[in-house]
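Data file: query_27.csv. Format and content: CSV, N, CA, C and O atoms.
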chain,number,residue,atom,x,y,z
A,1466,MET,N,-50.0,40.2,-17.9
A,1466,MET,CA,-49.6,39.6,-16.6
A,1466,MET,C,-48.5,40.6,-16.0
A,1466,MET,O,-47.7,41.1,-16.7
A,1467,SER,N,-48.6,40.8,-14.8
A,1467,SER,CA,-47.7,41.8,-14.1
A,1467,SER,C,-46.4,41.2,-13.9
A,1467,SER,O,-46.2,39.9,-13.9
A,1468,LYS,N,-45.4,42.0,-13.6
A,1468,LYS,CA,-44.0,41.5,-13.4
A,1468,LYS,C,-44.0,40.7,-12.1
A,1468,LYS,O,-43.3,39.7,-12.1
A,1469,ALA,N,-44.7,41.0,-11.1
A,1469,ALA,CA,-44.7,40.2,-9.9
A,1469,ALA,C,-45.3,38.8,-10.1
A,1469,ALA,O,-44.8,37.8,-9.6
A,1470,ALA,N,-46.4,38.8,-10.9
A,1470,ALA,CA,-47.0,37.5,-11.3
A,1470,ALA,C,-46.0,36.6,-12.1
A,1470,ALA,O,-45.9,35.4,-11.9
A,1471,ILE,N,-45.3,37.3,-13.0
A,1471,ILE,CA,-44.3,36.5,-13.8
A,1471,ILE,C,-43.2,36.0,-12.9
A,1471,ILE,O,-42.8,34.8,-13.1
A,1472,ASP,N,-42.7,36.8,-12.0
A,1472,ASP,CA,-41.6,36.4,-11.1
A,1472,ASP,C,-42.1,35.2,-10.2
A,1472,ASP,O,-41.4,34.3,-10.0
A,1473,LYS,N,-43.3,35.3,-9.7
A,1473,LYS,CA,-43.9,34.3,-8.9
A,1473,LYS,C,-44.0,33.0,-9.7
A,1473,LYS,O,-43.6,31.9,-9.2
A,1474,GLU,N,-44.5,33.0,-10.9
A,1474,GLU,CA,-44.6,31.8,-11.7
A,1474,GLU,C,-43.2,31.2,-12.0
A,1474,GLU,O,-43.0,30.0,-12.0
A,1475,HIS,N,-42.2,32.1,-12.3
A,1475,HIS,CA,-40.9,31.7,-12.6
A,1475,HIS,C,-40.3,30.9,-11.3
A,1475,HIS,O,-39.6,29.9,-11.5
A,1476,LYS,N,-40.5,31.5,-10.1
A,1476,LYS,CA,-40.0,30.8,-8.9
A,1476,LYS,C,-40.7,29.5,-8.7
A,1476,LYS,O,-40.1,28.5,-8.2
A,1477,ARG,N,-42.0,29.4,-9.0
A,1477,ARG,CA,-42.7,28.2,-8.8
A,1477,ARG,C,-42.1,27.1,-9.7
A,1477,ARG,O,-41.9,25.9,-9.3
A,1478,LYS,N,-41.8,27.4,-11.0
A,1478,LYS,CA,-41.2,26.5,-11.9
A,1478,LYS,C,-39.8,26.1,-11.5
A,1478,LYS,O,-39.5,24.9,-11.6
A,1479,GLU,N,-39.1,27.0,-10.9
A,1479,GLU,CA,-37.7,26.6,-10.4
A,1479,GLU,C,-37.9,25.6,-9.2
A,1479,GLU,O,-37.1,24.7,-9.1
A,1480,ASN,N,-38.8,25.9,-8.3
A,1480,ASN,CA,-39.0,24.9,-7.2
A,1480,ASN,C,-39.4,23.6,-7.7
A,1480,ASN,O,-39.0,22.6,-7.2
A,1481,ILE,N,-40.3,23.5,-8.7
A,1481,ILE,CA,-40.7,22.2,-9.3
A,1481,ILE,C,-39.5,21.5,-9.9
A,1481,ILE,O,-39.2,20.3,-9.7
A,1482,ASN,N,-38.7,22.3,-10.7
A,1482,ASN,CA,-37.5,21.7,-11.3
A,1482,ASN,C,-36.5,21.2,-10.2
A,1482,ASN,O,-35.9,20.2,-10.3
A,1483,MET,N,-36.3,22.0,-9.1
A,1483,MET,CA,-35.4,21.7,-8.1
A,1483,MET,C,-35.8,20.4,-7.4
A,1483,MET,O,-35.0,19.5,-7.1
A,1484,SER,N,-37.1,20.3,-7.0
A,1484,SER,CA,-37.6,19.1,-6.3
A,1484,SER,C,-37.5,17.9,-7.3
A,1484,SER,O,-37.2,16.8,-6.8
A,1485,THR,N,-37.7,18.1,-8.5
A,1485,THR,CA,-37.6,17.0,-9.5
A,1485,THR,C,-36.1,16.5,-9.6
A,1485,THR,O,-35.8,15.3,-9.6
A,1486,GLU,N,-35.2,17.5,-9.6
A,1486,GLU,CA,-33.8,17.2,-9.7
A,1486,GLU,C,-33.4,16.5,-8.4
A,1486,GLU,O,-32.6,15.5,-8.4
A,1487,GLU,N,-33.9,16.9,-7.2
A,1487,GLU,CA,-33.5,16.3,-6.0
A,1487,GLU,C,-34.1,14.8,-5.9
A,1487,GLU,O,-33.4,13.9,-5.5
A,1488,GLU,N,-35.3,14.6,-6.4
A,1488,GLU,CA,-35.8,13.3,-6.5
A,1488,GLU,C,-35.0,12.4,-7.4
A,1488,GLU,O,-34.8,11.2,-7.0
A,1489,ILE,N,-34.5,12.9,-8.5
A,1489,ILE,CA,-33.7,12.1,-9.4
A,1489,ILE,C,-32.4,11.7,-8.7
A,1489,ILE,O,-31.9,10.6,-8.8
A,1490,ILE,N,-31.8,12.7,-8.0
A,1490,ILE,CA,-30.6,12.4,-7.3
A,1490,ILE,C,-30.8,11.3,-6.2
A,1490,ILE,O,-30.0,10.4,-6.1
A,1491,ASN,N,-31.9,11.5,-5.5
A,1491,ASN,CA,-32.2,10.5,-4.5
A,1491,ASN,C,-32.4,9.1,-5.1
A,1491,ASN,O,-31.9,8.1,-4.5
A,1492,ILE,N,-33.1,9.0,-6.2
A,1492,ILE,CA,-33.3,7.7,-6.9
A,1492,ILE,C,-32.0,7.1,-7.3
A,1492,ILE,O,-31.7,5.9,-7.2
A,1493,GLN,N,-31.1,8.0,-7.9
A,1493,GLN,CA,-29.8,7.5,-8.4
A,1493,GLN,C,-29.0,7.0,-7.2
A,1493,GLN,O,-28.3,6.0,-7.3
A,1494,THR,N,-29.1,7.7,-6.1
A,1494,THR,CA,-28.3,7.3,-4.9
A,1494,THR,C,-28.8,5.9,-4.4
A,1494,THR,O,-28.0,5.0,-4.1
A,1495,LYS,N,-30.1,5.8,-4.3
A,1495,LYS,CA,-30.7,4.5,-3.9
A,1495,LYS,C,-30.3,3.4,-4.9
A,1495,LYS,O,-30.0,2.3,-4.5
A,1496,LEU,N,-30.4,3.7,-6.1
A,1496,LEU,CA,-30.0,2.7,-7.2
A,1496,LEU,C,-28.6,2.2,-7.0
A,1496,LEU,O,-28.2,1.0,-7.1
A,1497,SER,N,-27.7,3.2,-6.7
A,1497,SER,CA,-26.3,2.9,-6.5
A,1497,SER,C,-26.1,1.9,-5.3
A,1497,SER,O,-25.3,1.0,-5.4
A,1498,TYR,N,-26.8,2.2,-4.2
A,1498,TYR,CA,-26.7,1.4,-3.0
A,1498,TYR,C,-27.3,0.0,-3.4
A,1498,TYR,O,-26.7,-1.1,-2.9
A,1499,LEU,N,-28.4,-0.1,-4.1
A,1499,LEU,CA,-29.0,-1.4,-4.4
A,1499,LEU,C,-28.0,-2.2,-5.3
A,1499,LEU,O,-27.9,-3.4,-5.2
A,1500,GLU,N,-27.4,-1.6,-6.3
A,1500,GLU,CA,-26.4,-2.3,-7.2
A,1500,GLU,C,-25.3,-2.8,-6.3
A,1500,GLU,O,-24.9,-4.0,-6.6
A,1501,ASP,N,-24.8,-2.1,-5.4
A,1501,ASP,CA,-23.7,-2.5,-4.5
A,1501,ASP,C,-24.2,-3.7,-3.7
A,1501,ASP,O,-23.5,-4.7,-3.6
A,1502,PHE,N,-25.4,-3.6,-3.2
A,1502,PHE,CA,-25.9,-4.7,-2.3
A,1502,PHE,C,-26.1,-6.0,-3.2
A,1502,PHE,O,-25.7,-7.1,-2.7
A,1503,VAL,N,-26.6,-5.9,-4.4
A,1503,VAL,CA,-26.8,-7.0,-5.2
A,1503,VAL,C,-25.4,-7.7,-5.6
A,1503,VAL,O,-25.3,-8.9,-5.5
A,1504,ASN,N,-24.4,-6.9,-5.8
A,1504,ASN,CA,-23.1,-7.4,-6.1
A,1504,ASN,C,-22.5,-8.1,-4.9
A,1504,ASN,O,-21.9,-9.2,-5.0
A,1505,GLN,N,-22.7,-7.6,-3.7
A,1505,GLN,CA,-22.3,-8.3,-2.5
A,1505,GLN,C,-23.0,-9.6,-2.3
A,1505,GLN,O,-22.4,-10.6,-1.9
A,1506,LEU,N,-24.3,-9.6,-2.5
A,1506,LEU,CA,-25.1,-10.8,-2.4
A,1506,LEU,C,-24.6,-11.9,-3.4
A,1506,LEU,O,-24.6,-13.1,-3.1
A,1507,GLN,N,-24.3,-11.4,-4.6
A,1507,GLN,CA,-23.8,-12.4,-5.6
A,1507,GLN,C,-22.5,-13.0,-5.2
A,1507,GLN,O,-22.3,-14.2,-5.4
A,1508,GLU,N,-21.6,-12.2,-4.6
A,1508,GLU,CA,-20.3,-12.7,-4.2
A,1508,GLU,C,-20.5,-13.8,-3.0
A,1508,GLU,O,-19.9,-14.8,-3.1
A,1509,VAL,N,-21.4,-13.5,-2.1
A,1509,VAL,CA,-21.7,-14.4,-1.0
A,1509,VAL,C,-22.4,-15.7,-1.6
A,1509,VAL,O,-22.0,-16.8,-1.1
A,1510,THR,N,-23.2,-15.5,-2.5
A,1510,THR,CA,-23.9,-16.7,-3.1
A,1510,THR,C,-22.9,-17.6,-3.8
A,1510,THR,O,-22.9,-18.8,-3.7
A,1511,VAL,N,-22.0,-17.0,-4.6
A,1511,VAL,CA,-20.9,-17.8,-5.2
A,1511,VAL,C,-20.1,-18.5,-4.2
A,1511,VAL,O,-19.8,-19.7,-4.3
A,1512,GLU,N,-19.7,-17.8,-3.1
A,1512,GLU,CA,-18.9,-18.4,-2.1
A,1512,GLU,C,-19.6,-19.5,-1.4
A,1512,GLU,O,-19.0,-20.6,-1.2
A,1513,HIS,N,-20.9,-19.3,-1.1
A,1513,HIS,CA,-21.7,-20.4,-0.5
A,1513,HIS,C,-21.8,-21.6,-1.4
A,1513,HIS,O,-21.8,-22.8,-0.9
A,1514,SER,N,-22.0,-21.4,-2.7
A,1514,SER,CA,-22.1,-22.5,-3.6
A,1514,SER,C,-20.8,-23.3,-3.6
A,1514,SER,O,-20.9,-24.6,-3.7
A,1515,LYS,N,-19.7,-22.7,-3.6
A,1515,LYS,CA,-18.4,-23.4,-3.6
A,1515,LYS,C,-18.3,-24.2,-2.3
A,1515,LYS,O,-17.9,-25.3,-2.3
A,1516,THR,N,-18.7,-23.6,-1.2
A,1516,THR,CA,-18.6,-24.3,0.1
A,1516,THR,C,-19.6,-25.5,0.1
A,1516,THR,O,-19.2,-26.6,0.6
A,1517,ILE,N,-20.8,-25.3,-0.4
A,1517,ILE,CA,-21.7,-26.4,-0.5
A,1517,ILE,C,-21.1,-27.6,-1.3
A,1517,ILE,O,-21.3,-28.8,-1.0
A,1518,GLU,N,-20.5,-27.2,-2.4
A,1518,GLU,CA,-19.9,-28.3,-3.3
A,1518,GLU,C,-18.8,-29.0,-2.5
A,1518,GLU,O,-18.8,-30.3,-2.6
A,1519,ILE,N,-18.0,-28.3,-1.8
A,1519,ILE,CA,-16.9,-28.9,-1.1
A,1519,ILE,C,-17.5,-29.8,0.0
A,1519,ILE,O,-17.0,-31.0,0.2
A,1520,LEU,N,-18.5,-29.4,0.8
A,1520,LEU,CA,-19.1,-30.2,1.8
A,1520,LEU,C,-19.8,-31.4,1.3
A,1520,LEU,O,-19.8,-32.4,1.9
A,1521,THR,N,-20.4,-31.2,0.1
A,1521,THR,CA,-21.1,-32.4,-0.5
A,1521,THR,C,-20.1,-33.4,-0.9
A,1521,THR,O,-20.3,-34.6,-0.6
A,1522,ASN,N,-19.0,-33.0,-1.4
A,1522,ASN,CA,-17.9,-34.0,-1.8
A,1522,ASN,C,-17.4,-34.7,-0.5
A,1522,ASN,O,-17.2,-35.9,-0.5
A,1523,GLU,N,-17.1,-33.9,0.5
A,1523,GLU,CA,-16.6,-34.5,1.8
A,1523,GLU,C,-17.6,-35.5,2.4
A,1523,GLU,O,-17.2,-36.5,2.9
A,1524,ASN,N,-18.9,-35.1,2.3
A,1524,ASN,CA,-19.9,-36.0,2.9
A,1524,ASN,C,-20.0,-37.3,2.1
A,1524,ASN,O,-20.1,-38.4,2.7
A,1525,ARG,N,-19.8,-37.2,0.8
A,1525,ARG,CA,-19.9,-38.4,-0.1
A,1525,ARG,C,-18.7,-39.3,0.3
A,1525,ARG,O,-18.8,-40.5,0.4
A,1526,LEU,N,-17.5,-38.7,0.4
A,1526,LEU,CA,-16.3,-39.5,0.8
A,1526,LEU,C,-16.4,-40.1,2.1
A,1526,LEU,O,-16.1,-41.3,2.3
A,1527,LEU,N,-16.9,-39.4,3.1
A,1527,LEU,CA,-17.1,-40.0,4.4
A,1527,LEU,C,-18.2,-41.1,4.4
A,1527,LEU,O,-18.0,-42.1,5.1
A,1528,LYS,N,-19.2,-40.9,3.7
A,1528,LYS,CA,-20.3,-41.9,3.6
A,1528,LYS,C,-19.7,-43.2,3.0
A,1528,LYS,O,-19.9,-44.3,3.5
A,1529,ASN,N,-18.8,-43.1,1.9
A,1529,ASN,CA,-18.2,-44.2,1.3
A,1529,ASN,C,-17.2,-44.9,2.3
A,1529,ASN,O,-17.2,-46.1,2.4
A,1530,LYS,N,-16.5,-44.1,3.0
A,1530,LYS,CA,-15.5,-44.7,4.0
A,1530,LYS,C,-16.2,-45.4,5.1
A,1530,LYS,O,-15.8,-46.5,5.5
A,1531,ILE,N,-17.3,-44.9,5.6
A,1531,ILE,CA,-18.1,-45.5,6.6
A,1531,ILE,C,-18.7,-46.8,6.1
A,1531,ILE,O,-18.7,-47.9,6.8
A,1532,GLN,N,-19.2,-46.8,4.9
A,1532,GLN,CA,-19.7,-48.0,4.3
A,1532,GLN,C,-18.6,-49.1,4.1
A,1532,GLN,O,-18.9,-50.3,4.4
A,1533,GLU,N,-17.4,-48.7,3.7
A,1533,GLU,CA,-16.3,-49.6,3.6
A,1533,GLU,C,-16.0,-50.2,4.9
A,1533,GLU,O,-15.8,-51.5,5.1
A,1534,MET,N,-15.9,-49.4,6.0
A,1534,MET,CA,-15.6,-49.9,7.3
A,1534,MET,C,-16.7,-50.8,7.8
A,1534,MET,O,-16.4,-51.8,8.5
A,1535,SER,N,-17.9,-50.5,7.6
A,1535,SER,CA,-19.0,-51.3,8.0
A,1535,SER,C,-19.0,-52.7,7.3
A,1535,SER,O,-19.2,-53.7,7.9
A,1536,ASP,N,-18.7,-52.6,6.0
A,1536,ASP,CA,-18.6,-53.9,5.3
A,1536,ASP,C,-17.4,-54.8,5.8
A,1536,ASP,O,-17.6,-56.0,5.9
A,1537,GLN,N,-16.3,-54.2,6.1
A,1537,GLN,CA,-15.2,-54.9,6.7
A,1537,GLN,C,-15.5,-55.5,8.0
A,1537,GLN,O,-15.1,-56.6,8.3
A,1538,LEU,N,-16.2,-54.8,8.9
A,1538,LEU,CA,-16.5,-55.2,10.2
A,1538,LEU,C,-17.7,-56.2,10.3
A,1538,LEU,O,-17.9,-56.9,11.3
A,1539,GLU,N,-18.4,-56.3,9.2
A,1539,GLU,CA,-19.7,-57.1,9.2
A,1539,GLU,C,-19.4,-58.5,9.6
A,1539,GLU,O,-20.1,-59.2,10.3
A,1540,GLY,N,-18.3,-59.1,9.0
A,1540,GLY,CA,-18.0,-60.5,9.3
A,1540,GLY,C,-17.5,-60.7,10.7
A,1540,GLY,O,-17.6,-61.8,11.2
A,1541,GLU,N,-16.9,-59.7,11.3
A,1541,GLU,CA,-16.3,-59.8,12.6
A,1541,GLU,C,-17.3,-59.7,13.7
A,1541,GLU,O,-17.1,-60.1,14.9
A,1542,ILE,N,-18.5,-59.1,13.5
A,1542,ILE,CA,-19.5,-58.9,14.5
A,1542,ILE,C,-20.4,-60.1,14.5
A,1542,ILE,O,-21.1,-60.4,13.5
A,1543,PRO,N,-20.5,-60.8,15.7
A,1543,PRO,CA,-21.4,-61.9,15.7
A,1543,PRO,C,-22.9,-61.5,15.6
A,1543,PRO,O,-23.2,-60.4,16.1
A,1544,ASN,N,-23.7,-62.3,15.0
A,1544,ASN,CA,-25.1,-62.0,14.8
A,1544,ASN,C,-25.9,-62.6,16.0
A,1544,ASN,O,-26.5,-63.7,15.9
A,1545,ARG,N,-25.8,-61.9,17.1
A,1545,ARG,CA,-26.6,-62.3,18.3
A,1545,ARG,C,-27.2,-61.1,19.0
A,1545,ARG,O,-26.8,-60.0,18.7
A,1546,LYS,N,-28.1,-61.4,19.9
A,1546,LYS,CA,-28.7,-60.4,20.7
A,1546,LYS,C,-27.7,-59.8,21.7
A,1546,LYS,O,-26.9,-60.5,22.2
A,1547,PRO,N,-27.9,-58.5,21.9
A,1547,PRO,CA,-27.0,-57.8,22.9
A,1547,PRO,C,-27.3,-58.4,24.3
A,1547,PRO,O,-28.3,-58.9,24.5
A,1548,PRO,N,-26.3,-58.3,25.2
A,1548,PRO,CA,-26.5,-58.9,26.5
A,1548,PRO,C,-27.6,-58.4,27.3
A,1548,PRO,O,-28.1,-59.1,28.2
A,1549,HIS,N,-28.2,-57.3,27.1
A,1549,HIS,CA,-29.3,-56.8,27.9
A,1549,HIS,C,-30.6,-57.4,27.5
A,1549,HIS,O,-31.6,-57.1,28.1
A,1550,TYR,N,-30.7,-58.2,26.6
A,1550,TYR,CA,-31.9,-58.9,26.2
A,1550,TYR,C,-32.1,-60.2,27.0
A,1550,TYR,O,-31.4,-61.0,27.2

As structure tokens - that is how I would like this structure written.
Amino acid sequence: MSKAAIDKEHKRKENINMSTEEEIINIQTKLSYLEDFVNQLQEVTVEHSKTIEILTNENRLLKNKIQEMSDQLEGEIPNRKPPHY
């Protein structure tokens, strides 16, 4: 094999190695962004879960309060048809 052919083959292998290295760097970069995104999503999910729990408890308390008020007023409201009937 001639020196020119050997040099050409060597450059071809360097280009293959360089593009492979660039691809690995790109994949690592994308992975890093995805890991960060997943962590952000996890934080938001935890925060939303806490908010849902708080709202569920408040809803239950309000429901109970409305039921208590309804029970107290039940005896005071006459059982008759409204005037528009």

Inset, instruction - Grab the atom O of Met1483 in chain A to atom C of Lys1495 in chain A distance for me, in Å with one decimal place. - result: 16.9 Å

Legend entry - Distance in Å - CA of Lys1530 in chain A versus CA of Ile1517 in chain A: 19.8 Å

Legend entry - Which of chain A DSSP labels alpha helix (DSSP H), written as a PyMOL selection string: chain A and resi 1468-1539

Inset, instruction - Figure out the distance between atom N of Glu1487 in chain A and atom C of Glu1474 in chain A, please, to one decimal in Å. - result: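 Computing the Euclidean distance for atom C of Glu1474 in chain A and atom N of Glu1487 in chain A yields 17.7 Å.
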
Writing N, CA and C atoms and nothing else, produce range 1494-1522 of chain A as an mmCIF file, in the first residue's frame.
data_model
loop_
_atom_site.group_PDB
_atom_site.id
_atom_site.type_symbol
_atom_site.label_atom_id
_atom_site.label_comp_id
_atom_site.auth_asym_id
_atom_site.auth_seq_id
_atom_site.Cartn_x
_atom_site.Cartn_y
_atom_site.Cartn_z
ATOM 1 N N THR A 1494 -25.251 15.291 26.088
ATOM 2 C CA THR A 1494 -25.882 16.598 26.306
ATOM 3 C C THR A 1494 -27.401 16.454 26.395
ATOM 4 N N LYS A 1495 -27.967 15.717 25.456
ATOM 5 C CA LYS A 1495 -29.413 15.500 25.470
ATOM 6 C C LYS A 1495 -29.847 14.770 26.738
ATOM 7 N N LEU A 1496 -29.077 13.799 27.155
ATOM 8 C CA LEU A 1496 -29.392 13.056 28.374
ATOM 9 C C LEU A 1496 -29.379 13.985 29.581
ATOM 10 N N SER A 1497 -28.414 14.874 29.623
ATOM 11 C CA SER A 1497 -28.323 15.824 30.726
ATOM 12 C C SER A 1497 -29.562 16.717 30.781
ATOM 13 N N TYR A 1498 -29.986 17.221 29.621
ATOM 14 C CA TYR A 1498 -31.199 18.043 29.569
ATOM 15 C C TYR A 1498 -32.428 17.236 29.988
ATOM 16 N N LEU A 1499 -32.524 16.012 29.545
ATOM 17 C CA LEU A 1499 -33.669 15.165 29.902
ATOM 18 C C LEU A 1499 -33.696 14.873 31.401
ATOM 19 N N GLU A 1500 -32.542 14.620 31.994
ATOM 20 C CA GLU A 1500 -32.483 14.379 33.438
ATOM 21 C C GLU A 1500 -32.950 15.606 34.201
ATOM 22 N N ASP A 1501 -32.523 16.777 33.768
ATOM 23 C CA ASP A 1501 -32.952 18.020 34.410
ATOM 24 C C ASP A 1501 -34.460 18.208 34.262
ATOM 25 N N PHE A 1502 -34.978 17.936 33.077
ATOM 26 C CA PHE A 1502 -36.409 18.070 32.828
ATOM 27 C C PHE A 1502 -37.223 17.118 33.712
ATOM 28 N N VAL A 1503 -36.764 15.890 33.830
ATOM 29 C CA VAL A 1503 -37.452 14.899 34.673
ATOM 30 C C VAL A 1503 -37.447 15.355 36.135
ATOM 31 N N ASN A 1504 -36.331 15.897 36.599
ATOM 32 C CA ASN A 1504 -36.263 16.399 37.975
ATOM 33 C C ASN A 1504 -37.237 17.551 38.186
ATOM 34 N N GLN A 1505 -37.336 18.448 37.217
ATOM 35 C CA GLN A 1505 -38.292 19.549 37.317
ATOM 36 C C GLN A 1505 -39.724 19.028 37.346
ATOM 37 N N LEU A 1506 -40.012 18.054 36.493
ATOM 38 C CA LEU A 1506 -41.358 17.468 36.482
ATOM 39 C C LEU A 1506 -41.687 16.796 37.819
ATOM 40 N N GLN A 1507 -40.711 16.138 38.386
ATOM 41 C CA GLN A 1507 -40.920 15.477 39.668
ATOM 42 C C GLN A 1507 -41.232 16.500 40.759
ATOM 43 N N GLU A 1508 -40.507 17.617 40.766
ATOM 44 C CA GLU A 1508 -40.762 18.663 41.757
ATOM 45 C C GLU A 1508 -42.172 19.234 41.602
ATOM 46 N N VAL A 1509 -42.569 19.475 40.372
ATOM 47 C CA VAL A 1509 -43.907 20.011 40.121
ATOM 48 C C VAL A 1509 -44.971 18.996 40.527
ATOM 49 N N THR A 1510 -44.731 17.734 40.246
ATOM 50 C CA THR A 1510 -45.688 16.685 40.610
ATOM 51 C C THR A 1510 -45.857 16.593 42.118
ATOM 52 N N VAL A 1511 -44.770 16.668 42.849
ATOM 53 C CA VAL A 1511 -44.836 16.623 44.314
ATOM 54 C C VAL A 1511 -45.605 17.837 44.831
ATOM 55 N N GLU A 1512 -45.313 19.005 44.277
ATOM 56 C CA GLU A 1512 -46.013 20.225 44.689
ATOM 57 C C GLU A 1512 -47.505 20.120 44.389
ATOM 58 N N HIS A 1513 -47.849 19.618 43.225
ATOM 59 C CA HIS A 1513 -49.265 19.461 42.865
ATOM 60 C C HIS A 1513 -49.958 18.451 43.776
ATOM 61 N N SER A 1514 -49.271 17.400 44.125
ATOM 62 C CA SER A 1514 -49.856 16.400 45.024
ATOM 63 C C SER A 1514 -50.181 17.017 46.379
ATOM 64 N N LYS A 1515 -49.266 17.848 46.883
ATOM 65 C CA LYS A 1515 -49.509 18.525 48.164
ATOM 66 C C LYS A 1515 -50.691 19.471 48.060
ATOM 67 N N THR A 1516 -50.764 20.207 46.952
ATOM 68 C CA THR A 1516 -51.877 21.138 46.744
ATOM 69 C C THR A 1516 -53.201 20.383 46.652
ATOM 70 N N ILE A 1517 -53.212 19.283 45.949
ATOM 71 C CA ILE A 1517 -54.432 18.476 45.824
ATOM 72 C C ILE A 1517 -54.867 17.964 47.188
ATOM 73 N N GLU A 1518 -53.921 17.529 47.996
ATOM 74 C CA GLU A 1518 -54.257 17.039 49.337
ATOM 75 C C GLU A 1518 -54.866 18.159 50.192
ATOM 76 N N ILE A 1519 -54.284 19.339 50.134
ATOM 77 C CA ILE A 1519 -54.807 20.477 50.896
ATOM 78 C C ILE A 1519 -56.212 20.829 50.426
ATOM 79 N N LEU A 1520 -56.415 20.898 49.110
ATOM 80 C CA LEU A 1520 -57.728 21.239 48.567
ATOM 81 C C LEU A 1520 -58.773 20.174 48.883
ATOM 82 N N THR A 1521 -58.363 18.929 48.872
ATOM 83 C CA THR A 1521 -59.282 17.847 49.215
ATOM 84 C C THR A 1521 -59.743 17.978 50.665
ATOM 85 N N ASN A 1522 -58.805 18.271 51.555
ATOM 86 C CA ASN A 1522 -59.163 18.459 52.964
ATOM 87 C C ASN A 1522 -60.081 19.666 53.149
#
